[in-house]
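S.K.: Quick one: this structure, given as structure tokens, is what I'll be asking you about.
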Amino acid sequence: MNTQAQPSEAEIDELVSHALALRKDFVQDLLRSAGVPFSGLRKAELRERLREAIDEGAIDPADVAGFLDDVEPGGKQHVFMLRASRAVNDKWKDHAAARGRLQRRADVRGLLGAAVPLLMPEELTLSRIGLDGPMIEIVGVEARRYTERDAFYDERGETDEGLPVELRAYVQRVARSTVVLRWNTATRHAGLHITQASGRGLEADHYSDVAARFAQAITPWLDFNEFRRVNLPRALHALHQRERSGEKILTNSRSGRWETEDGSELAATSASSEASFFADRQLGAAVGAVQTPASGLTGNLYWLPTPGSPVSERLHLTILAWDSRIHFMVPSSPQAVEHVLEQVRSLL
């Protein structure tokens with residue numbers, strides 16, 4: 001249970017919006033855990049049911065926040081793949097010493113082991129620092145505003161001339177957006193996880209801007225420049241080579257882009273989402289002619305389930321190799337996300 005002050009009605013609405021931004025079955029799991037019926041409800045109706053359950057006391061807002069903390073790490077997100085320099089890693093590897101340094105700073109000591117807040121500040125704000133085992137986790141939170149299509153508010157009418165008019169409604173929602181640096185000091189591997197932004201017209205450098213604001217927030221006590229982006233073209237090449245050879249296949253590649261030696265680009269797309277472009281002999285040959293450990297720019301692919309792994313179904317993701325970034329395009333589970341990241345790191 002979260003011990004923060006009871007949120008206002010508006011803040012509860014925001015919390016419900018955040019829950020509904022997740023996959024439908026996640027919300028159903030939340031209702032099921034509290035014994036709240038939901039059978040046959042559409043996602044928009046689940047919003048009303050969840051809000052009613054909170055109003056009636058069947059579900060506590062803090063329990064919703066706790067649920068989100070558990071499932072959010074598996075949500076739609078962009079992950080910058082990083083590796084800490086040996087110097088900064090050695091400095092932070094002793095967590096007792098790191099904790100002591102942070103406790104001496106009045107601006108961050110209250111973040112040590114703190115709960116991620118229910119409330120969503122308008123500006124990116126650090127909210128938690130965790131030092132558990134070899135893992136360091138630094139969390140920032142901000143409000144994420146977006147519009148959501150809601151047919152419930154649609155209206156029909158007519159013009160003065162008697163022509164039919166159909167008004168389609170889009171509701172302005174707000175949800176919690178998190179930025180999390182997860183850093184394993186035993187391996188020096190790290191990832192900056194950024195909640196996928198909603199809405200069209202995002203700036204091309206949106207995620208880099210979020211990363212820059214996070215870096216600025218931690219700068220007084222941790223230099224983010226000590227985290228170098230990893231060589232994802234090499235990992236993308238290794239995944240494609242496995243598909244091409246048919247051995248130890250991890251992915252099914254839907255499309256991709258490569259840069260040639262003279263600066264041109266080649267793009268390839270398979271016949272369907274079920275097929276790899278390597279299944280097409282001519283396309284596979286064209287890709288093979290330009291594919292090198294340094295040429296891969298992007299890969300739109302499906303990570304395949306394997307026995308004993310937490311990936312239980314095909315997981316859609318895009319590897320933006322040029323930006324050292326992986327986009328998890330659908331919600332899954334925190335365990336599945338970490339499994340994929342570890343597998344990718346093993347190919348570097």
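By order of appearance in the structure tokens: chains A, B, ..., then residues from 1 within every chain, and ligands from 1 in the order shown.
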Please identify all polymer residues within 10 Å of A:Gly110, counting only C-alpha atoms, omitting same-chain residues fewer than 4 positions from it, and present them as a PyMOL selection string.
M.R.: chain A and resi 102-103+105-106+114+127-129
S.K.: Identify, with DSSP run on backbone atoms, the residues in stretch 104-277 of chain A assigned to strand (DSSP E), and express the list as a compact mmCIF listing (two decimals) with C-alpha atoms, in the first residue's frame.
M.R.:
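Full text of selection.txt as output:
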# COMPACT_ATOMS: atom_id res chain seq x y z
CA THR A 125 10.93 15.26 -11.90
CA LEU A 126 13.15 12.64 -10.28
CA SER A 127 11.07 10.46 -7.99
CA ARG A 128 13.06 7.41 -6.92
CA ILE A 129 16.57 5.99 -6.63
CA GLY A 130 16.86 2.27 -5.96
CA LEU A 131 20.07 0.46 -5.01
CA ASP A 132 19.23 -3.24 -5.00
CA MET A 135 21.14 -2.95 -9.93
CA ILE A 136 20.79 0.82 -9.77
CA GLU A 137 17.44 2.27 -10.83
CA ILE A 138 16.78 5.99 -11.19
CA VAL A 139 13.21 7.01 -11.99
CA GLY A 140 11.83 10.28 -13.35
CA VAL A 141 8.12 11.06 -13.80
CA GLU A 142 6.12 13.60 -15.79
CA ALA A 143 2.59 14.03 -17.14
CA ARG A 144 1.93 12.61 -20.61
CA ARG A 145 -1.02 14.25 -22.33
CA TYR A 146 -2.74 12.69 -25.33
CA THR A 147 -6.09 12.46 -27.10
CA GLU A 148 -8.18 9.31 -27.19
CA ARG A 149 -11.00 8.46 -29.56
CA GLU A 155 -22.97 13.44 -31.90
CA ARG A 156 -25.13 13.54 -34.99
CA GLY A 157 -26.98 16.58 -36.33
CA GLU A 158 -27.55 18.50 -39.48
CA PRO A 164 -26.27 15.36 -42.11
CA VAL A 165 -23.39 16.15 -39.75
CA GLU A 166 -21.42 13.56 -37.82
CA LEU A 167 -19.18 14.78 -34.97
CA TYR A 170 -11.59 12.82 -29.01
CA VAL A 171 -11.09 13.12 -25.27
CA GLN A 172 -7.99 14.74 -23.82
CA ARG A 173 -6.36 12.34 -21.39
CA VAL A 174 -3.34 12.46 -19.15
CA ALA A 175 -1.19 9.55 -17.99
CA ARG A 176 2.04 9.03 -16.14
CA SER A 177 5.16 8.99 -18.29
CA THR A 178 8.28 7.52 -16.76
CA VAL A 179 11.96 7.68 -17.58
CA VAL A 180 13.99 4.96 -15.90
CA LEU A 181 17.72 4.33 -15.97
CA ARG A 182 18.33 0.66 -15.14
CA TRP A 183 22.02 0.00 -14.65
CA ASN A 184 23.66 -3.30 -13.74
CA HIS A 189 25.13 -2.64 -19.04
CA ALA A 190 22.37 -0.03 -18.75
CA GLY A 191 19.17 0.99 -20.47
CA LEU A 192 17.24 4.24 -20.42
CA HIS A 193 13.56 3.25 -20.63
CA ILE A 194 11.16 5.97 -21.81
CA THR A 195 7.38 5.49 -21.92
CA PHE A 227 27.07 6.15 -20.47
CA ARG A 228 27.95 5.35 -24.08
CA ARG A 229 25.41 4.13 -26.60
CA THR A 251 13.47 -13.09 -34.78
CA ASN A 252 11.21 -12.85 -37.81
CA SER A 253 12.14 -9.75 -39.82
CA ARG A 254 9.27 -7.85 -41.43
CA SER A 255 11.31 -4.95 -42.83
CA GLY A 256 14.64 -3.19 -42.56
CA ARG A 257 16.94 -0.47 -43.91
CA TRP A 258 20.66 -0.55 -44.66
CA GLU A 259 23.23 2.01 -45.74
CA GLU A 265 20.05 3.19 -48.68
CA LEU A 266 18.31 -0.12 -49.33
CA ALA A 267 14.90 -0.91 -47.80
CA ALA A 268 13.24 -4.33 -47.76
CA THR A 269 9.77 -5.50 -46.66
S.K.: Could you pull out the helix (DSSP H, G or I) residues of stretch 263-293 of chain A from DSSP and send them as a PDB file with N, CA and C atoms, in the first residue's frame?
M.R.:
ATOM      1  N   PHE A 277      11.720 -11.390 -44.609  1.00  0.00           N
ATOM      2  CA  PHE A 277      12.112 -11.033 -45.963  1.00  0.00           C
ATOM      3  C   PHE A 277      13.205 -11.958 -46.490  1.00  0.00           C
ATOM      4  N   PHE A 278      13.857 -12.692 -45.603  1.00  0.00           N
ATOM      5  CA  PHE A 278      14.854 -13.660 -46.052  1.00  0.00           C
ATOM      6  C   PHE A 278      14.212 -14.875 -46.706  1.00  0.00           C
ATOM      7  N   ALA A 279      12.888 -15.040 -46.536  1.00  0.00           N
ATOM      8  CA  ALA A 279      12.190 -16.140 -47.195  1.00  0.00           C
ATOM      9  C   ALA A 279      12.072 -15.903 -48.697  1.00  0.00           C
ATOM     10  N   ARG A 281      13.885 -15.299 -51.975  1.00  0.00           N
ATOM     11  CA  ARG A 281      15.259 -15.532 -52.434  1.00  0.00           C
ATOM     12  C   ARG A 281      15.895 -14.268 -53.003  1.00  0.00           C
ATOM     13  N   GLN A 282      15.177 -13.560 -53.872  1.00  0.00           N
ATOM     14  CA  GLN A 282      15.743 -12.366 -54.500  1.00  0.00           C
ATOM     15  C   GLN A 282      15.972 -11.254 -53.477  1.00  0.00           C
ATOM     16  N   LEU A 283      14.993 -11.085 -52.585  1.00  0.00           N
ATOM     17  CA  LEU A 283      15.131 -10.041 -51.571  1.00  0.00           C
ATOM     18  C   LEU A 283      16.271 -10.368 -50.619  1.00  0.00           C
ATOM     19  N   GLY A 284      16.370 -11.637 -50.235  1.00  0.00           N
ATOM     20  CA  GLY A 284      17.448 -12.053 -49.346  1.00  0.00           C
ATOM     21  C   GLY A 284      18.815 -11.815 -49.968  1.00  0.00           C
ATOM     22  N   ALA A 285      18.913 -12.056 -51.278  1.00  0.00           N
ATOM     23  CA  ALA A 285      20.189 -11.831 -51.963  1.00  0.00           C
ATOM     24  C   ALA A 285      20.543 -10.351 -52.004  1.00  0.00           C
ATOM     25  N   ALA A 286      19.533  -9.493 -52.227  1.00  0.00           N
ATOM     26  CA  ALA A 286      19.781  -8.050 -52.264  1.00  0.00           C
ATOM     27  C   ALA A 286      20.243  -7.538 -50.908  1.00  0.00           C
ATOM     28  N   VAL A 287      19.579  -8.014 -49.852  1.00  0.00           N
ATOM     29  CA  VAL A 287      19.975  -7.608 -48.503  1.00  0.00           C
ATOM     30  C   VAL A 287      21.373  -8.113 -48.185  1.00  0.00           C
ATOM     31  N   GLY A 288      21.647  -9.361 -48.557  1.00  0.00           N
ATOM     32  CA  GLY A 288      22.958  -9.936 -48.277  1.00  0.00           C
ATOM     33  C   GLY A 288      24.085  -9.178 -48.931  1.00  0.00           C
ATOM     34  N   ALA A 289      23.795  -8.520 -50.063  1.00  0.00           N
ATOM     35  CA  ALA A 289      24.830  -7.778 -50.786  1.00  0.00           C
ATOM     36  C   ALA A 289      25.261  -6.515 -50.060  1.00  0.00           C
ATOM     37  N   VAL A 290      24.395  -5.960 -49.216  1.00  0.00           N
ATOM     38  CA  VAL A 290      24.725  -4.699 -48.535  1.00  0.00           C
ATOM     39  C   VAL A 290      24.854  -4.873 -47.019  1.00  0.00           C
TER      40      VAL A 290
END
S.K.: Interatomic distance between atom CA of A:His206 and atom CA of A:Met329?
M.R.: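 Atom CA of A:Met329 lies 16.1 Å from atom CA of A:His206.
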S.K.: Would you mind reading off the distance between atom CA of A:Val71 and atom CA of A:Glu48, one decimal, in Å?
M.R.: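 Going from atom CA of A:Val71 over to atom CA of A:Glu48, I get 20.8 Å.
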